[in-house]
Amino acid sequence: MESVFYSPTRIIFGEGSLKRVGEEAKKFGEKVLIVTGKSSAKKSGSLDEVVNSLTSHNLRVEVFNKVEPDPSVETVEEGAKFAKKCAVNVVIGLGGGSSMDAAKGIALLITNRGSIVDYFGTDKVKEPAIPIIAIPTTAGTGSEVTKYAVITDRKKMLKQIIGSSHISPRLAILDPLLTLSMPASLTANTGVDALSHAIEGYVSTQANPVGDILALKSIALITEALPEAISQPNNPKIREKMLFASMLAGMVISSAGAGIIHGMGYFITLHYGAPHGLANALLMPEVMEFNLVANPTKYKNIAEVMGKKIEGLSEMEAARLSVVAMRELLQKIGIPKSMKEIGVKEESLAGFAKTVSKNERLLTLNPRRPTQEEIEEIYRKSM
Ligand code: NDP
Ligand code: MN
């Protein structure tokens with residue numbers, strides 16, 4: 001069967017690579033907008049470092065530092081208005097997935113008319129965005145190498161996906177030193193998000209052989225490095241493994257897409273404020289359990305790279321060990337055991353399931369197509 005792998009972003013990777021940002025941005029233009037969150041980049045010193053590198057290359061710099069976690073339509077539109085007023089020709093997204101996604105939304109609104117809501121969906125963006133440089137400070141979303149921006153529509157209470165190669169960053173600068181400041185819970189939540197990308201992309205109906213290699217490598221690295229990143233938060237070598245793994249996982253979903261872990265998790269974020277990665281973590285074991293039968297070989301491979309001994313087992317027995325390995329890992333890194341523990345109420349689940357069951361794109365990408373009742377059942381089992 002035909003398959004596609006597409007990964008157009010140039011990547012500069014390694015400790016200290018942030019200092020390259022000035023000389024690199026200069027290749028794209030002379031007026032730069034930095035899009036970032038409200039405080040973490042300022043506090044860690046990374047914002048100042050970027051500004052200094054840019055100004056030392058005689059670039060003019062503007063900063064938009066209003067991006068909230070799970071950025072809203074309103075924030076992206078406010079940023080775009082500011083970007084147009086300043087006539088910038090390069091946008092840098094500095095921060096977690098939220099800042100990088102907001103940067104993508106802002107950059108596309110400079111070359112495409114109308115509102116950001118006009119671009120929700122797949123391949124709706126007509127013109128290439130102005131050049132985007134993505135600089136992650138979390139090791140999770142992989143947004144630095146994806147063609148997606150996830151924007152929250154608070155009026156409709158939906159997390160909407162813009163999927164377009166016109167918003168793939170032209171350059172990603174991955175400096176593990178920027179992730180040292182993450183507290184343990186952020187490290188855990190974002191690390192599991194990356195793991196969910198590797199797994200959902202690997203078993204996706206649009207999986208491809210190149211992505212599969214990256215996915216298995218990513219899963220193996222995260223299984224080993226994520227507990228270490230929490231117990232030794234100041235070790236840059238371990239942070240580097242996580243940042244590398246999350247980038248690989250981003251490449252995987254950029255071609256293969258995600259599945260119902262993401263589709264279902266969005267509602268736990270929207271209605272209960274759970275960080276994106278945590279929402280995925282709470283649903284992942286039960287979704288894996290549900291999906292297993294659709295592709296036991298791949299789940300067997302997941303079990304194996306997560307360190308399970310599979311010799312002598314049937315393929316289904318081995319596949320089931322992937323769920324065991326996942327539960328063990330989640331427990332090791334301090335993820336709550338159930339959605340109930342974070343305050344999710346039984347009575348909201350039917351409504352969530354109904355909305356998820358209308359998300360045709362994610363249902364098609366998921367290896368086993370669930371009915372509305374089955375989605376509700378997976379939510380219930382995750383309580
Ligand atoms: P966020 O970008 O939402 O950041 C979460 C919090 O972490 C913020 O309060 C932020 O602070 C803080 N923070 C970020 N970096 C650091 C750091 N180095 N040290 C201390 N604190 C820090 O988190 P994620 O990276 O998990 O991004 C989640 C978003 O990305 C969701 O909206 C999700 O849907 C989306 N996503 C996008 C994908 C894509 O391909 N585009 C793929 C998967 C998820 P501050 O706000 O002050 O910066
Ligand atoms: Mn994700």
# chains A, B, ... in the order shown; residues from 1 in each chain; ligands from 1

$ closest_atom_pairs --of "chain A" --to "ligand 1" --cutoff "6 Å" --atoms "only C-alpha atoms and all ligand atoms" --output "JSON lines"
{"residue": "A:Gly37", "atom": "CA", "partner": "ligand 1", "partner_atom_place_in_ligand_line": "48 (O)", "distance": 3.5}
{"residue": "A:Lys38", "atom": "CA", "partner": "ligand 1", "partner_atom_place_in_ligand_line": "47 (O)", "distance": 4.2}
{"residue": "A:Ser39", "atom": "CA", "partner": "ligand 1", "partner_atom_place_in_ligand_line": "47 (O)", "distance": 3.5}
{"residue": "A:Ser40", "atom": "CA", "partner": "ligand 1", "partner_atom_place_in_ligand_line": "47 (O)", "distance": 3.8}
{"residue": "A:Ala41", "atom": "CA", "partner": "ligand 1", "partner_atom_place_in_ligand_line": "48 (O)", "distance": 5.7}
{"residue": "A:Glu68", "atom": "CA", "partner": "ligand 1", "partner_atom_place_in_ligand_line": "46 (O)", "distance": 5.4}
{"residue": "A:Pro69", "atom": "CA", "partner": "ligand 1", "partner_atom_place_in_ligand_line": "3 (O)", "distance": 3.6}
{"residue": "A:Asp70", "atom": "CA", "partner": "ligand 1", "partner_atom_place_in_ligand_line": "32 (O)", "distance": 3.6}
{"residue": "A:Gly95", "atom": "CA", "partner": "ligand 1", "partner_atom_place_in_ligand_line": "15 (N)", "distance": 5.2}
{"residue": "A:Gly96", "atom": "CA", "partner": "ligand 1", "partner_atom_place_in_ligand_line": "2 (O)", "distance": 3.1}
{"residue": "A:Gly97", "atom": "CA", "partner": "ligand 1", "partner_atom_place_in_ligand_line": "27 (O)", "distance": 3.4}
{"residue": "A:Ser98", "atom": "CA", "partner": "ligand 1", "partner_atom_place_in_ligand_line": "2 (O)", "distance": 3.7}
{"residue": "A:Ser99", "atom": "CA", "partner": "ligand 1", "partner_atom_place_in_ligand_line": "2 (O)", "distance": 5.6}
{"residue": "A:Asp101", "atom": "CA", "partner": "ligand 1", "partner_atom_place_in_ligand_line": "41 (N)", "distance": 5.4}
{"residue": "A:Thr137", "atom": "CA", "partner": "ligand 1", "partner_atom_place_in_ligand_line": "18 (N)", "distance": 4.3}
{"residue": "A:Thr138", "atom": "CA", "partner": "ligand 1", "partner_atom_place_in_ligand_line": "15 (N)", "distance": 4.9}
{"residue": "A:Gly140", "atom": "CA", "partner": "ligand 1", "partner_atom_place_in_ligand_line": "25 (O)", "distance": 5.6}
{"residue": "A:Thr141", "atom": "CA", "partner": "ligand 1", "partner_atom_place_in_ligand_line": "43 (C)", "distance": 4.0}
{"residue": "A:Gly142", "atom": "CA", "partner": "ligand 1", "partner_atom_place_in_ligand_line": "40 (O)", "distance": 5.8}
{"residue": "A:Ser143", "atom": "CA", "partner": "ligand 1", "partner_atom_place_in_ligand_line": "40 (O)", "distance": 3.9}
{"residue": "A:Thr146", "atom": "CA", "partner": "ligand 1", "partner_atom_place_in_ligand_line": "40 (O)", "distance": 4.9}
{"residue": "A:Tyr148", "atom": "CA", "partner": "ligand 1", "partner_atom_place_in_ligand_line": "41 (N)", "distance": 4.3}
{"residue": "A:Ala149", "atom": "CA", "partner": "ligand 1", "partner_atom_place_in_ligand_line": "41 (N)", "distance": 4.2}
{"residue": "A:Val150", "atom": "CA", "partner": "ligand 1", "partner_atom_place_in_ligand_line": "34 (O)", "distance": 5.2}
{"residue": "A:Leu178", "atom": "CA", "partner": "ligand 1", "partner_atom_place_in_ligand_line": "18 (N)", "distance": 5.5}
{"residue": "A:Thr179", "atom": "CA", "partner": "ligand 1", "partner_atom_place_in_ligand_line": "18 (N)", "distance": 4.3}
{"residue": "A:Ser181", "atom": "CA", "partner": "ligand 1", "partner_atom_place_in_ligand_line": "19 (N)", "distance": 4.1}
{"residue": "A:Met182", "atom": "CA", "partner": "ligand 1", "partner_atom_place_in_ligand_line": "19 (N)", "distance": 3.7}
{"residue": "A:Thr190", "atom": "CA", "partner": "ligand 1", "partner_atom_place_in_ligand_line": "26 (O)", "distance": 4.9}
{"residue": "A:His276", "atom": "CA", "partner": "ligand 1", "partner_atom_place_in_ligand_line": "31 (C)", "distance": 5.4}

$ residues_around --residues "Val210 in chain A" --least-positions-apart "6" --cutoff "9 Å" --atoms "only C-alpha atoms" --output "list in words"
Val4, Phe5 and Val252 of chain A

$ write_last_selection --atoms "all heavy atoms" --output "PDB file, in the first residue's frame"
ATOM      1  N   VAL A   4       3.092   7.798   2.857  1.00  0.00           N
ATOM      2  CA  VAL A   4       3.781   9.074   2.685  1.00  0.00           C
ATOM      3  C   VAL A   4       4.547   9.436   3.958  1.00  0.00           C
ATOM      4  O   VAL A   4       4.024   9.288   5.059  1.00  0.00           O
ATOM      5  CB  VAL A   4       2.758  10.202   2.394  1.00  0.00           C
ATOM      6  CG1 VAL A   4       3.450  11.547   2.275  1.00  0.00           C
ATOM      7  CG2 VAL A   4       1.971   9.897   1.129  1.00  0.00           C
ATOM      8  N   PHE A   5       5.767   9.883   3.808  1.00  0.00           N
ATOM      9  CA  PHE A   5       6.490  10.483   4.927  1.00  0.00           C
ATOM     10  C   PHE A   5       7.009  11.832   4.459  1.00  0.00           C
ATOM     11  O   PHE A   5       7.638  11.938   3.413  1.00  0.00           O
ATOM     12  CB  PHE A   5       7.659   9.599   5.381  1.00  0.00           C
ATOM     13  CG  PHE A   5       8.403  10.180   6.558  1.00  0.00           C
ATOM     14  CD1 PHE A   5       7.880  10.085   7.836  1.00  0.00           C
ATOM     15  CD2 PHE A   5       9.613  10.839   6.382  1.00  0.00           C
ATOM     16  CE1 PHE A   5       8.534  10.640   8.924  1.00  0.00           C
ATOM     17  CE2 PHE A   5      10.278  11.403   7.475  1.00  0.00           C
ATOM     18  CZ  PHE A   5       9.747  11.297   8.740  1.00  0.00           C
ATOM     19  N   VAL A 252       6.745  11.638  13.392  1.00  0.00           N
ATOM     20  CA  VAL A 252       5.843  10.501  13.162  1.00  0.00           C
ATOM     21  C   VAL A 252       4.410  10.998  12.951  1.00  0.00           C
ATOM     22  O   VAL A 252       3.773  10.682  11.948  1.00  0.00           O
ATOM     23  CB  VAL A 252       5.907   9.500  14.342  1.00  0.00           C
ATOM     24  CG1 VAL A 252       4.854   8.407  14.179  1.00  0.00           C
ATOM     25  CG2 VAL A 252       7.300   8.903  14.467  1.00  0.00           C
TER      26      VAL A 252
END

$ residues_near_ligand --ligand "ligand 2" --cutoff "12 Å" --atoms "only C-alpha atoms and all ligand atoms" --output "mmCIF file with C-alpha atoms, in the first residue's frame"
data_model
loop_
_atom_site.group_PDB
_atom_site.id
_atom_site.type_symbol
_atom_site.label_atom_id
_atom_site.label_comp_id
_atom_site.auth_asym_id
_atom_site.auth_seq_id
_atom_site.Cartn_x
_atom_site.Cartn_y
_atom_site.Cartn_z
ATOM 1 C CA ASP A 70 -3.875 25.703 24.942
ATOM 2 C CA GLY A 96 5.976 24.756 24.754
ATOM 3 C CA GLY A 97 3.541 23.541 22.126
ATOM 4 C CA SER A 98 1.202 26.393 22.985
ATOM 5 C CA ASP A 101 1.269 26.631 17.770
ATOM 6 C CA ALA A 139 10.059 17.898 25.429
ATOM 7 C CA GLY A 140 6.592 16.867 24.413
ATOM 8 C CA THR A 141 4.557 18.165 21.521
ATOM 9 C CA GLY A 142 7.105 17.914 18.727
ATOM 10 C CA SER A 143 5.291 20.921 17.249
ATOM 11 C CA THR A 146 4.871 19.178 12.710
ATOM 12 C CA TYR A 148 -0.147 21.162 12.952
ATOM 13 C CA ALA A 149 -1.319 23.997 15.148
ATOM 14 C CA VAL A 150 -3.858 23.154 17.845
ATOM 15 C CA LYS A 159 -9.713 22.003 20.340
ATOM 16 C CA ILE A 161 -6.493 21.365 14.436
ATOM 17 C CA ASN A 189 3.038 15.330 31.329
ATOM 18 C CA THR A 190 4.894 16.577 28.271
ATOM 19 C CA GLY A 191 7.037 13.424 28.079
ATOM 20 C CA VAL A 192 3.908 11.269 28.009
ATOM 21 C CA ASP A 193 2.467 13.469 25.279
ATOM 22 C CA ALA A 194 5.508 12.623 23.145
ATOM 23 C CA LEU A 195 5.039 8.945 23.963
ATOM 24 C CA SER A 196 1.382 9.154 22.931
ATOM 25 C CA HIS A 197 2.464 10.628 19.575
ATOM 26 C CA ALA A 198 4.941 7.832 18.956
ATOM 27 C CA ILE A 199 2.337 5.195 19.820
ATOM 28 C CA GLU A 200 -0.619 6.738 18.010
ATOM 29 C CA GLY A 201 1.478 7.468 14.926
ATOM 30 C CA SER A 246 9.796 14.120 21.294
ATOM 31 C CA MET A 247 11.098 15.496 18.003
ATOM 32 C CA ALA A 249 7.530 11.493 17.678
ATOM 33 C CA GLY A 250 6.535 14.831 16.146
ATOM 34 C CA VAL A 252 5.843 10.501 13.162
ATOM 35 C CA ILE A 253 2.482 12.244 13.743
ATOM 36 C CA SER A 254 3.168 14.916 11.162
ATOM 37 C CA GLY A 257 -1.562 11.606 12.378
ATOM 38 C CA ALA A 258 -2.785 10.829 15.893
ATOM 39 C CA GLY A 259 -5.783 8.780 17.033
ATOM 40 C CA ILE A 260 -8.467 8.668 19.693
ATOM 41 C CA ILE A 261 -6.128 9.168 22.667
ATOM 42 C CA HIS A 262 -5.845 12.726 21.399
ATOM 43 C CA GLY A 263 -9.456 12.978 20.231
ATOM 44 C CA MET A 264 -10.731 11.887 23.653
ATOM 45 C CA GLY A 265 -8.110 13.707 25.709
ATOM 46 C CA TYR A 266 -9.053 17.111 24.312
ATOM 47 C CA THR A 269 -8.446 19.412 28.924
ATOM 48 C CA PRO A 275 -2.718 19.629 30.835
ATOM 49 C CA HIS A 276 -2.704 18.067 27.347
ATOM 50 C CA GLY A 277 -0.139 15.351 28.110
ATOM 51 C CA LEU A 278 -1.833 14.355 31.369
ATOM 52 C CA ALA A 279 -5.192 14.015 29.625
ATOM 53 C CA ASN A 280 -3.581 11.659 27.115
ATOM 54 C CA ALA A 281 -1.803 9.710 29.853
ATOM 55 C CA MET A 284 -3.679 5.800 26.992
#

$ closest_residue --among "A:Leu158, A:Met1, A:Val73, A:Ala107" --to "Leu270 in chain A" --atoms "only C-alpha atoms"
A:Leu158

$ closest_residue --among "A:Glu317, A:Glu224, A:Glu347, A:Glu240" --to "Lys332 in chain A" --atoms "only C-alpha atoms"
A:Glu224

$ residues_around --residues "His57 in chain A" --least-positions-apart "3" --cutoff "10 Å" --atoms "only C-alpha atoms" --output "number ranges by chain"
A: 21-26, 30, 52-54, 60

$ residues_around --residues "Ile106 in chain A" --least-positions-apart "2" --cutoff "8 Å" --atoms "only C-alpha atoms" --output "PDB file with all heavy atoms, in the first residue's frame"
ATOM      1  N   VAL A  76      -4.481  34.185  19.262  1.00  0.00           N
ATOM      2  CA  VAL A  76      -3.823  34.109  17.949  1.00  0.00           C
ATOM      3  C   VAL A  76      -4.184  35.345  17.119  1.00  0.00           C
ATOM      4  O   VAL A  76      -3.323  35.944  16.466  1.00  0.00           O
ATOM      5  CB  VAL A  76      -4.223  32.811  17.216  1.00  0.00           C
ATOM      6  CG1 VAL A  76      -3.712  32.814  15.774  1.00  0.00           C
ATOM      7  CG2 VAL A  76      -3.687  31.596  17.963  1.00  0.00           C
ATOM      8  N   GLU A  77      -5.445  35.754  17.185  1.00  0.00           N
ATOM      9  CA  GLU A  77      -5.854  36.909  16.374  1.00  0.00           C
ATOM     10  C   GLU A  77      -5.236  38.202  16.900  1.00  0.00           C
ATOM     11  O   GLU A  77      -4.830  39.059  16.117  1.00  0.00           O
ATOM     12  CB  GLU A  77      -7.377  36.976  16.306  1.00  0.00           C
ATOM     13  CG  GLU A  77      -7.890  35.668  15.679  1.00  0.00           C
ATOM     14  CD  GLU A  77      -9.121  35.800  14.832  1.00  0.00           C
ATOM     15  OE1 GLU A  77     -10.010  36.561  15.224  1.00  0.00           O
ATOM     16  OE2 GLU A  77      -9.179  35.117  13.783  1.00  0.00           O
ATOM     17  N   GLY A  79      -2.363  38.374  18.417  1.00  0.00           N
ATOM     18  CA  GLY A  79      -0.956  38.282  17.999  1.00  0.00           C
ATOM     19  C   GLY A  79      -0.774  38.641  16.530  1.00  0.00           C
ATOM     20  O   GLY A  79       0.178  39.317  16.154  1.00  0.00           O
ATOM     21  N   ALA A  80      -1.716  38.174  15.703  1.00  0.00           N
ATOM     22  CA  ALA A  80      -1.610  38.441  14.259  1.00  0.00           C
ATOM     23  C   ALA A  80      -1.772  39.933  13.970  1.00  0.00           C
ATOM     24  O   ALA A  80      -1.082  40.500  13.114  1.00  0.00           O
ATOM     25  CB  ALA A  80      -2.653  37.629  13.500  1.00  0.00           C
ATOM     26  N   ALA A  83       1.424  41.507  14.871  1.00  0.00           N
ATOM     27  CA  ALA A  83       2.464  41.159  13.893  1.00  0.00           C
ATOM     28  C   ALA A  83       2.325  41.989  12.622  1.00  0.00           C
ATOM     29  O   ALA A  83       3.312  42.445  12.045  1.00  0.00           O
ATOM     30  CB  ALA A  83       2.380  39.673  13.551  1.00  0.00           C
ATOM     31  N   ALA A 102       0.759  28.878  18.564  1.00  0.00           N
ATOM     32  CA  ALA A 102       0.279  30.255  18.398  1.00  0.00           C
ATOM     33  C   ALA A 102       1.124  30.956  17.335  1.00  0.00           C
ATOM     34  O   ALA A 102       0.604  31.686  16.485  1.00  0.00           O
ATOM     35  CB  ALA A 102       0.327  31.008  19.722  1.00  0.00           C
ATOM     36  N   ALA A 103       2.440  30.720  17.356  1.00  0.00           N
ATOM     37  CA  ALA A 103       3.329  31.326  16.357  1.00  0.00           C
ATOM     38  C   ALA A 103       2.932  30.895  14.951  1.00  0.00           C
ATOM     39  O   ALA A 103       2.916  31.704  14.013  1.00  0.00           O
ATOM     40  CB  ALA A 103       4.784  30.935  16.642  1.00  0.00           C
ATOM     41  N   LYS A 104       2.581  29.611  14.799  1.00  0.00           N
ATOM     42  CA  LYS A 104       2.161  29.118  13.482  1.00  0.00           C
ATOM     43  C   LYS A 104       0.878  29.823  13.032  1.00  0.00           C
ATOM     44  O   LYS A 104       0.752  30.234  11.875  1.00  0.00           O
ATOM     45  CB  LYS A 104       1.924  27.607  13.530  1.00  0.00           C
ATOM     46  CG  LYS A 104       3.206  26.787  13.704  1.00  0.00           C
ATOM     47  CD  LYS A 104       2.851  25.314  13.947  1.00  0.00           C
ATOM     48  CE  LYS A 104       4.085  24.433  14.001  1.00  0.00           C
ATOM     49  NZ  LYS A 104       3.739  23.025  14.302  1.00  0.00           N
ATOM     50  N   LEU A 108       0.573  32.366   9.758  1.00  0.00           N
ATOM     51  CA  LEU A 108      -0.279  32.079   8.588  1.00  0.00           C
ATOM     52  C   LEU A 108      -1.264  33.206   8.339  1.00  0.00           C
ATOM     53  O   LEU A 108      -1.644  33.467   7.179  1.00  0.00           O
ATOM     54  CB  LEU A 108      -0.975  30.714   8.732  1.00  0.00           C
ATOM     55  CG  LEU A 108      -2.321  30.540   9.439  1.00  0.00           C
ATOM     56  CD1 LEU A 108      -3.501  30.919   8.556  1.00  0.00           C
ATOM     57  CD2 LEU A 108      -2.466  29.102   9.874  1.00  0.00           C
ATOM     58  N   LEU A 109      -1.647  33.923   9.408  1.00  0.00           N
ATOM     59  CA  LEU A 109      -2.606  35.022   9.224  1.00  0.00           C
ATOM     60  C   LEU A 109      -1.953  36.257   8.593  1.00  0.00           C
ATOM     61  O   LEU A 109      -2.641  37.182   8.190  1.00  0.00           O
ATOM     62  CB  LEU A 109      -3.268  35.385  10.551  1.00  0.00           C
ATOM     63  CG  LEU A 109      -4.362  34.422  11.022  1.00  0.00           C
ATOM     64  CD1 LEU A 109      -4.957  34.893  12.350  1.00  0.00           C
ATOM     65  CD2 LEU A 109      -5.465  34.253   9.970  1.00  0.00           C
ATOM     66  N   ILE A 110      -0.627  36.248   8.502  1.00  0.00           N
ATOM     67  CA  ILE A 110       0.032  37.376   7.841  1.00  0.00           C
ATOM     68  C   ILE A 110      -0.103  37.250   6.317  1.00  0.00           C
ATOM     69  O   ILE A 110      -0.237  38.242   5.618  1.00  0.00           O
ATOM     70  CB  ILE A 110       1.507  37.482   8.290  1.00  0.00           C
ATOM     71  CG1 ILE A 110       1.533  37.760   9.796  1.00  0.00           C
ATOM     72  CG2 ILE A 110       2.253  38.574   7.519  1.00  0.00           C
ATOM     73  CD1 ILE A 110       2.897  37.787  10.407  1.00  0.00           C
TER      74      ILE A 110
END

$ atom_distance --atom1 "CA of Ser348 in chain A" --atom2 "CA of Lys381 in chain A"
13.9 Å

$ closest_residue --among "A:Ala172, A:Leu362, A:Ile335, A:Val61" --to "Leu94 in chain A" --atoms "only C-alpha atoms"
A:Ala172

$ select_by_dssp --residues "range 73-315 of chain A" --states "strand (DSSP E or B)" --output "tab-separated table (two decimals) with N, CA and C atoms, in the first residue's frame"
chain	number	residue	atom	x	y	z
A	90	VAL	N	9.55	37.44	9.99
A	90	VAL	CA	9.91	36.13	10.54
A	90	VAL	C	9.18	36.00	11.88
A	91	VAL	N	8.68	34.80	12.18
A	91	VAL	CA	8.07	34.57	13.49
A	91	VAL	C	8.82	33.45	14.20
A	92	ILE	N	9.18	33.72	15.45
A	92	ILE	CA	9.82	32.68	16.27
A	92	ILE	C	8.83	32.25	17.34
A	93	GLY	N	8.54	30.95	17.41
A	93	GLY	CA	7.73	30.41	18.52
A	93	GLY	C	8.68	29.86	19.55
A	94	LEU	N	8.71	30.48	20.73
A	94	LEU	CA	9.62	30.08	21.80
A	94	LEU	C	8.81	29.63	23.00
A	95	GLY	N	8.85	28.35	23.32
A	95	GLY	CA	8.09	27.86	24.48
A	95	GLY	C	7.64	26.44	24.27
A	121	GLY	N	-9.01	22.54	10.19
A	121	GLY	CA	-9.21	21.40	9.29
A	121	GLY	C	-7.92	21.09	8.55
A	122	THR	N	-8.03	20.24	7.53
A	122	THR	CA	-6.86	19.79	6.80
A	122	THR	C	-6.73	20.55	5.48
A	132	ILE	N	8.72	30.45	9.81
A	132	ILE	CA	8.54	30.17	11.23
A	132	ILE	C	9.79	29.46	11.74
A	133	ILE	N	10.33	29.94	12.85
A	133	ILE	CA	11.40	29.23	13.55
A	133	ILE	C	10.81	28.75	14.86
A	134	ALA	N	10.90	27.45	15.14
A	134	ALA	CA	10.31	26.90	16.37
A	134	ALA	C	11.41	26.50	17.33
A	135	ILE	N	11.27	26.96	18.58
A	135	ILE	CA	12.26	26.67	19.61
A	135	ILE	C	11.54	26.10	20.83
A	136	PRO	N	11.50	24.77	20.97
A	136	PRO	CA	10.76	24.18	22.09
A	136	PRO	C	11.48	24.33	23.42
A	148	TYR	N	1.09	20.88	12.24
A	148	TYR	CA	-0.15	21.16	12.95
A	148	TYR	C	-0.03	22.38	13.88
A	149	ALA	N	-1.16	23.05	14.05
A	149	ALA	CA	-1.32	24.00	15.15
A	149	ALA	C	-2.65	23.66	15.81
A	150	VAL	N	-2.62	23.49	17.13
A	150	VAL	CA	-3.86	23.15	17.84
A	150	VAL	C	-4.34	24.41	18.56
A	151	ILE	N	-5.51	24.89	18.16
A	151	ILE	CA	-6.04	26.15	18.67
A	151	ILE	C	-7.37	25.87	19.37
A	152	THR	N	-7.57	26.49	20.52
A	152	THR	CA	-8.80	26.22	21.28
A	152	THR	C	-9.88	27.24	20.92
A	153	ASP	N	-11.04	26.70	20.52
A	153	ASP	CA	-12.21	27.51	20.23
A	153	ASP	C	-13.09	27.46	21.48
A	158	LEU	N	-14.11	23.46	21.68
A	158	LEU	CA	-13.43	22.43	20.89
A	158	LEU	C	-11.96	22.80	20.74
A	159	LYS	N	-11.09	21.78	20.75
A	159	LYS	CA	-9.71	22.00	20.34
A	159	LYS	C	-9.66	21.70	18.85
A	160	GLN	N	-9.29	22.69	18.07
A	160	GLN	CA	-9.34	22.57	16.61
A	160	GLN	C	-7.93	22.42	16.05
A	161	ILE	N	-7.81	21.61	15.01
A	161	ILE	CA	-6.49	21.37	14.44
A	161	ILE	C	-6.39	22.01	13.06
A	162	ILE	N	-5.34	22.80	12.90
A	162	ILE	CA	-4.98	23.28	11.56
A	162	ILE	C	-3.88	22.36	11.08
A	163	GLY	N	-4.11	21.68	9.98
A	163	GLY	CA	-3.09	20.78	9.43
A	163	GLY	C	-2.73	21.24	8.04
A	171	LEU	N	12.60	26.13	10.29
A	171	LEU	CA	13.77	25.76	11.10
A	171	LEU	C	13.32	25.43	12.51
A	172	ALA	N	13.89	24.37	13.08
A	172	ALA	CA	13.69	24.07	14.50
A	172	ALA	C	15.05	24.12	15.18
A	173	ILE	N	15.12	24.83	16.29
A	173	ILE	CA	16.35	24.84	17.07
A	173	ILE	C	16.05	24.10	18.37
A	174	LEU	N	16.73	22.97	18.56
A	174	LEU	CA	16.45	22.14	19.74
A	174	LEU	C	17.64	22.15	20.67

$ residues_around --residues "Arg380 in chain A" --least-positions-apart "3" --cutoff "10 Å" --atoms "only C-alpha atoms" --output "list in words"
Leu283, Glu286, Ser338, Met339, Lys340, Lys345, Glu346, Leu349, Ala350, Glu374, Ile375, Glu376, Glu377 and Met383 of chain A
